[in-house]
Every structure is written in structure tokens, then in C-alpha cells.
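Working notes, beginning with the structure itself.
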Amino acid sequence: MIFSMNILGIETSCDETSASVVRDGEVILSNVVATSLKEHEKYGGVIPEIASRRQLESITAVVEEALRTADVKANDVDAVAVTREPGLIGSLLVGISFARALAWAVHKPIVDVNHIEAHLYASFLRRADEHADLPPLPAVGLVVSGGHTSLYRINDFTVFELLGQTRDDAAGEAYDKVARILGLGYPGGPVIDKLARGCGGTDIVFAPAKLPDTYDFSFSGVKTAVLYHTRKHPEVLARPESVASAFQTSVVKVLVDKSMAVCQSTGVRTLVVGGGVAANSALRESLRAAGESKGVRVYFPPLPLCMDNAAMIAGLGYRLLKR
Ligand code: KG4
Ligand code: ZN
């Protein structure tokens, strides 16, 4: 007889409140996400105090809906997995406190999950009605989110070996700051992605920071280059497509080059990508093309799983629990 395990995941590290039930670390039975993003837009970034208040208000309903959709009772979950770090402290506290109380009430173990590593787990999940071709291990992992830009070697799901990371801004943070410079609102990623796609081509070049001999990244230089260019040519504010496109080309190039360099030097033929910027259409296209020419299989999560979600927490939580 085969027993399956249902893990309830809870994620509250930034502005989302999310709960999910995942079976055997792979099959998503439910994934509910509530976000307070709209309330932060007018401030141009996430306001921690607002985020944690909304999370406190919505977490009970979000968890109930995740259990109901999965048709699993709280008593029948095998463990509770929760985002432990990194994140906004007040937000994390809401999820951790809720998860602890629930686990205690139903006498089940609780598993702490690292949010960044969980972003890389998003490619290892599928829906029940889906026969996905899931990535093999070992793999190289590229996390590109609002707070992090890092390269890992994933040997198994309990060993994420950090190979390089950003020395200043994260890729998503650079998108958000450049969008602010161009007056495009928050968050910046999706709108810059769209503008760049509509741009027929441009002569503007923002050189990426190569940082040779390391797998580290730096994005603050390109952000500053955009700022100076915009000050010098304020007319671009009326038509920001070219600047958006040149900025994106610079960011995507360095992400693709470093990811491929790690695959080549380690001999690993699988690359998994995660985090909000993994939704970027140019990054998806360029990494796939580079992977094809270099013999590397590149895996992206479906768009909703690029963003913060509890399914990735439940999935990785299962692997940690098995360890
Ligand atoms: O992973 P995520 O949801 O939250 C963090 O853990 O940080 O990532 C949010 C980030 C934001 O900076 C947002 O601008 C960026 O992901 N983002 C994008 C796109 N969609 C979201 N960046 C580039 N292109 C996109 N299509
Ligand atoms: Zn995230």
C-alpha cells in the first residue's frame, strides 16, 4: 500500500498571503494567493506595516480556502511547512505564528523553509491533471526575484550550494527602480517587459557589469546609467520604450551569460530558474535559446509559480521533512 503525504504550505514573506496543499512534494492540490500589492502601488514599493496588517486579516481565510479546495481537513495534513526567512519580519511573523499554532493544534510537525531555495523548487511541481517533464538533479539554479539574484548548485533538495549572488541591487529591484526613474509605477518588471517587447530596436547600450572571474552580479551600475541617460535626455520620459529595452537587454545578457558559464564549468546540463523576474519574456526566450545551443535543458515554472506562492514552500517542505 502506498501512503501519500499532504503538506500544507504557508508563505507570508512579502506582500502576499498564500497557502497551498501539495501531495508528495510534487502535485499541487490547491494554491491560494491573496496580495496587498494594490495598496502599495501609490507608495512605489511595499510598505511592511500595511503588508503585515493585511496578512493578519486574511491568513485564516486563505488557509481555509486552500484546505477546502484541496479537499483535505486540517487534521489530515501530514505537516505544516512555513517560510522562515528571508523576508519582512512582521510579515514572516504572521505566517510563522499561524503555522506553529495550527501544527500544535493538530499534532503535526512543522518544517521551516528558506524562501529563496523554495523559488527554485517551483519547477519541480505540477498540477494533478498535468504530466510535466520535471527537471533531473543535479541542477544549476538561478533565482531572480525582487530581493535576490543568486546562482546555486542543487545537489539534492537539502543541499543548495551558493555559487554567486548580487553585490548590490537584485535584478527585480533594478527593474523596480528603473521603472520609478521612467515614471512607470510599481512593480516595474511587468511594464518594462511589455514596453521592451513593443520596442522595434534601439541604439542605446547600457553595458552590463561583467565582474569577471566570479559568478556574482551587480545591477546598480546599469540602474545609474539609466538615471544619467534620462537626466541628459528627458524627452525619453515621453517614449520610454528604447531605454526600457536597452536596460532589459543589459540585465538579461548578464543573467544568461553567467548561468551558462556555471553550467559549463560544472558540467551540469540542467538549469532551473525561479523568482518574479523568471516571468520575464526576454529572459525566458534568451535562456532557452542559449540552453539549446549549449546543450543545457532550461526549466521555468509556469508564470503564477514564478511569483511568491505557498506551493513551492509545501513542496520543498516535504523534501526537508523526508530528510
Ligand atoms: O519573487 P517575487 O514575487 O518576490 C520576491 O521574493 O522578491 O518577485 C517580485 C519581483 C519584482 O521586483 C517585479 O518587478 C519582478 O519580480 N517581476 C518581473 C516581471 N514580473 C515580475 N521582472 C521582470 N519581468 C517581469 N515580467
Ligand atoms: Zn520571492
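Residues in the C-alpha cells are numbered from 1 in each chain, the chains being A, B, ... in the order shown, and ligands are numbered from 1 in the order shown.
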**Item:** ligand 1 neighbours within 8 Å using only C-alpha atoms and all ligand atoms, as a ChimeraX atom specification
**Value:** /A:13-14,87,115-116,119,144-148,171-176,186-194,274-281,306-308
Take the residues from that selection and write them out as a JSON list (two decimals), in the first residue's frame, keeping C-alpha atoms.
[["chain", "number", "residue", "atom", "x", "y", "z"],
["A", 13, "SER", "CA", 7.39, 36.83, 3.42],
["A", 14, "CYS", "CA", 6.48, 39.96, 1.45],
["A", 87, "GLY", "CA", 11.52, 38.41, 4.28],
["A", 115, "HIS", "CA", 12.11, 31.36, 0.66],
["A", 116, "ILE", "CA", 14.92, 31.69, -1.92],
["A", 119, "HIS", "CA", 11.71, 29.67, -5.52],
["A", 144, "VAL", "CA", 15.90, 36.22, -9.84],
["A", 145, "SER", "CA", 13.44, 37.99, -7.58],
["A", 146, "GLY", "CA", 12.73, 41.39, -6.10],
["A", 147, "GLY", "CA", 15.11, 40.75, -3.23],
["A", 148, "HIS", "CA", 17.65, 38.25, -4.59],
["A", 171, "ALA", "CA", 17.51, 42.03, -10.67],
["A", 172, "GLY", "CA", 13.86, 42.67, -9.76],
["A", 173, "GLU", "CA", 14.86, 45.60, -7.58],
["A", 174, "ALA", "CA", 16.72, 47.11, -10.55],
["A", 175, "TYR", "CA", 13.56, 46.69, -12.67],
["A", 176, "ASP", "CA", 11.52, 48.42, -9.97],
["A", 186, "TYR", "CA", 5.40, 49.78, -9.21],
["A", 187, "PRO", "CA", 6.15, 46.91, -9.70],
["A", 188, "GLY", "CA", 8.43, 47.68, -12.62],
["A", 189, "GLY", "CA", 9.13, 44.25, -14.07],
["A", 190, "PRO", "CA", 5.93, 43.55, -15.99],
["A", 191, "VAL", "CA", 5.64, 47.05, -17.51],
["A", 192, "ILE", "CA", 9.30, 47.21, -18.62],
["A", 193, "ASP", "CA", 8.93, 43.71, -20.07],
["A", 194, "LYS", "CA", 5.90, 44.87, -22.09],
["A", 274, "GLY", "CA", 12.77, 30.88, -10.23],
["A", 275, "GLY", "CA", 11.55, 34.16, -8.74],
["A", 276, "GLY", "CA", 9.44, 37.04, -10.08],
["A", 277, "VAL", "CA", 11.89, 38.00, -12.84],
["A", 278, "ALA", "CA", 11.70, 34.41, -14.17],
["A", 279, "ALA", "CA", 8.36, 35.60, -15.60],
["A", 280, "ASN", "CA", 10.25, 37.96, -17.91],
["A", 281, "SER", "CA", 9.61, 37.10, -21.55],
["A", 306, "CYS", "CA", 7.35, 32.48, -10.54],
["A", 307, "MET", "CA", 5.75, 34.88, -8.05],
["A", 308, "ASP", "CA", 5.61, 34.28, -4.32]]
**Message:** So that I can check the surroundings of Glu285 of chain A, please list as a ChimeraX atom specification every protein, DNA and RNA residue that reaches within 12 Å of it, counting only C-alpha atoms and ignoring chain neighbours fewer than 3 positions away.
**Reply:** /A:197,249,252-253,256,278-282,288-292,298-300
**Asked** With only C-alpha atoms as the basis for distance, which of A:Asp168, A:Ser20, A:His40, A:Val94 is at the shortest distance from Ser52 of chain A?
**Response**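 Result for the nearest residue to Ser52 of chain A: A:Val94.
Using only C-alpha atoms and all ligand atoms, the smallest distance between any of A:Leu88, A:Val254, A:Leu321, A:Leu102 and ligand 2 comes from A:Leu88.
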**Prompt:** From the list A:Arg126, A:Leu305, A:Ala238, A:Gly295, which residue is nearest ligand 2 when using only C-alpha atoms and all ligand atoms?
**Reply:** A:Leu305
**Message:** One decimal, in Å: what's the spacing between atom CA of Arg231 of chain A and atom CA of Lys177 of chain A?
**Reply:**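 Between atom CA of Arg231 of chain A and atom CA of Lys177 of chain A the gap works out to 14.8 Å.
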**Asked** Could you work out how far atom CA of Pro212 of chain A lies from atom CA of Thr224 of chain A, giving the answer in Å with one decimal?
**Response** 20.3 Å
**DSSP helix (DSSP H, G or I) residues within segment 57-212 of chain A, as a ChimeraX atom specification** = /A:57-70,74-76,89-105,115-124,171-181,189-197
**Prompt:** What lies within 9 Å of Pro48 of chain A using only C-alpha atoms, ignoring chain neighbours under 2 positions off, as a PyMOL selection string?
**Reply:** chain A and resi 14-15+46+50-53+88-91
Can I get the selected residues back with C-alpha atoms, as an mmCIF file, in the first residue's frame?
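Heads up, here's the output in result.cif:
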data_model
loop_
_atom_site.group_PDB
_atom_site.id
_atom_site.type_symbol
_atom_site.label_atom_id
_atom_site.label_comp_id
_atom_site.auth_asym_id
_atom_site.auth_seq_id
_atom_site.Cartn_x
_atom_site.Cartn_y
_atom_site.Cartn_z
ATOM 1 C CA CYS A 14 6.482 39.961 1.450
ATOM 2 C CA ASP A 15 3.094 41.345 0.360
ATOM 3 C CA VAL A 46 5.923 47.567 -0.352
ATOM 4 C CA ILE A 50 0.446 47.567 5.580
ATOM 5 C CA ALA A 51 1.600 44.161 4.312
ATOM 6 C CA SER A 52 1.626 42.521 7.749
ATOM 7 C CA ARG A 53 -1.746 44.008 8.736
ATOM 8 C CA LEU A 88 9.853 41.286 6.095
ATOM 9 C CA ILE A 89 9.998 40.475 9.767
ATOM 10 C CA GLY A 90 6.411 41.475 10.619
ATOM 11 C CA SER A 91 5.090 39.527 7.632
#
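The two atoms in question, atom CA of Val296 of chain A and atom CA of Asp129 of chain A, are spaced 27.1 Å apart.
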**Message:** Applying 8 Å and only C-alpha atoms, which residues near Thr158 of chain A remain after dropping the ones on its own chain fewer than 2 positions away? List them as a PyMOL selection string.
**Reply:** chain A and resi 155-156+160+319-320+323
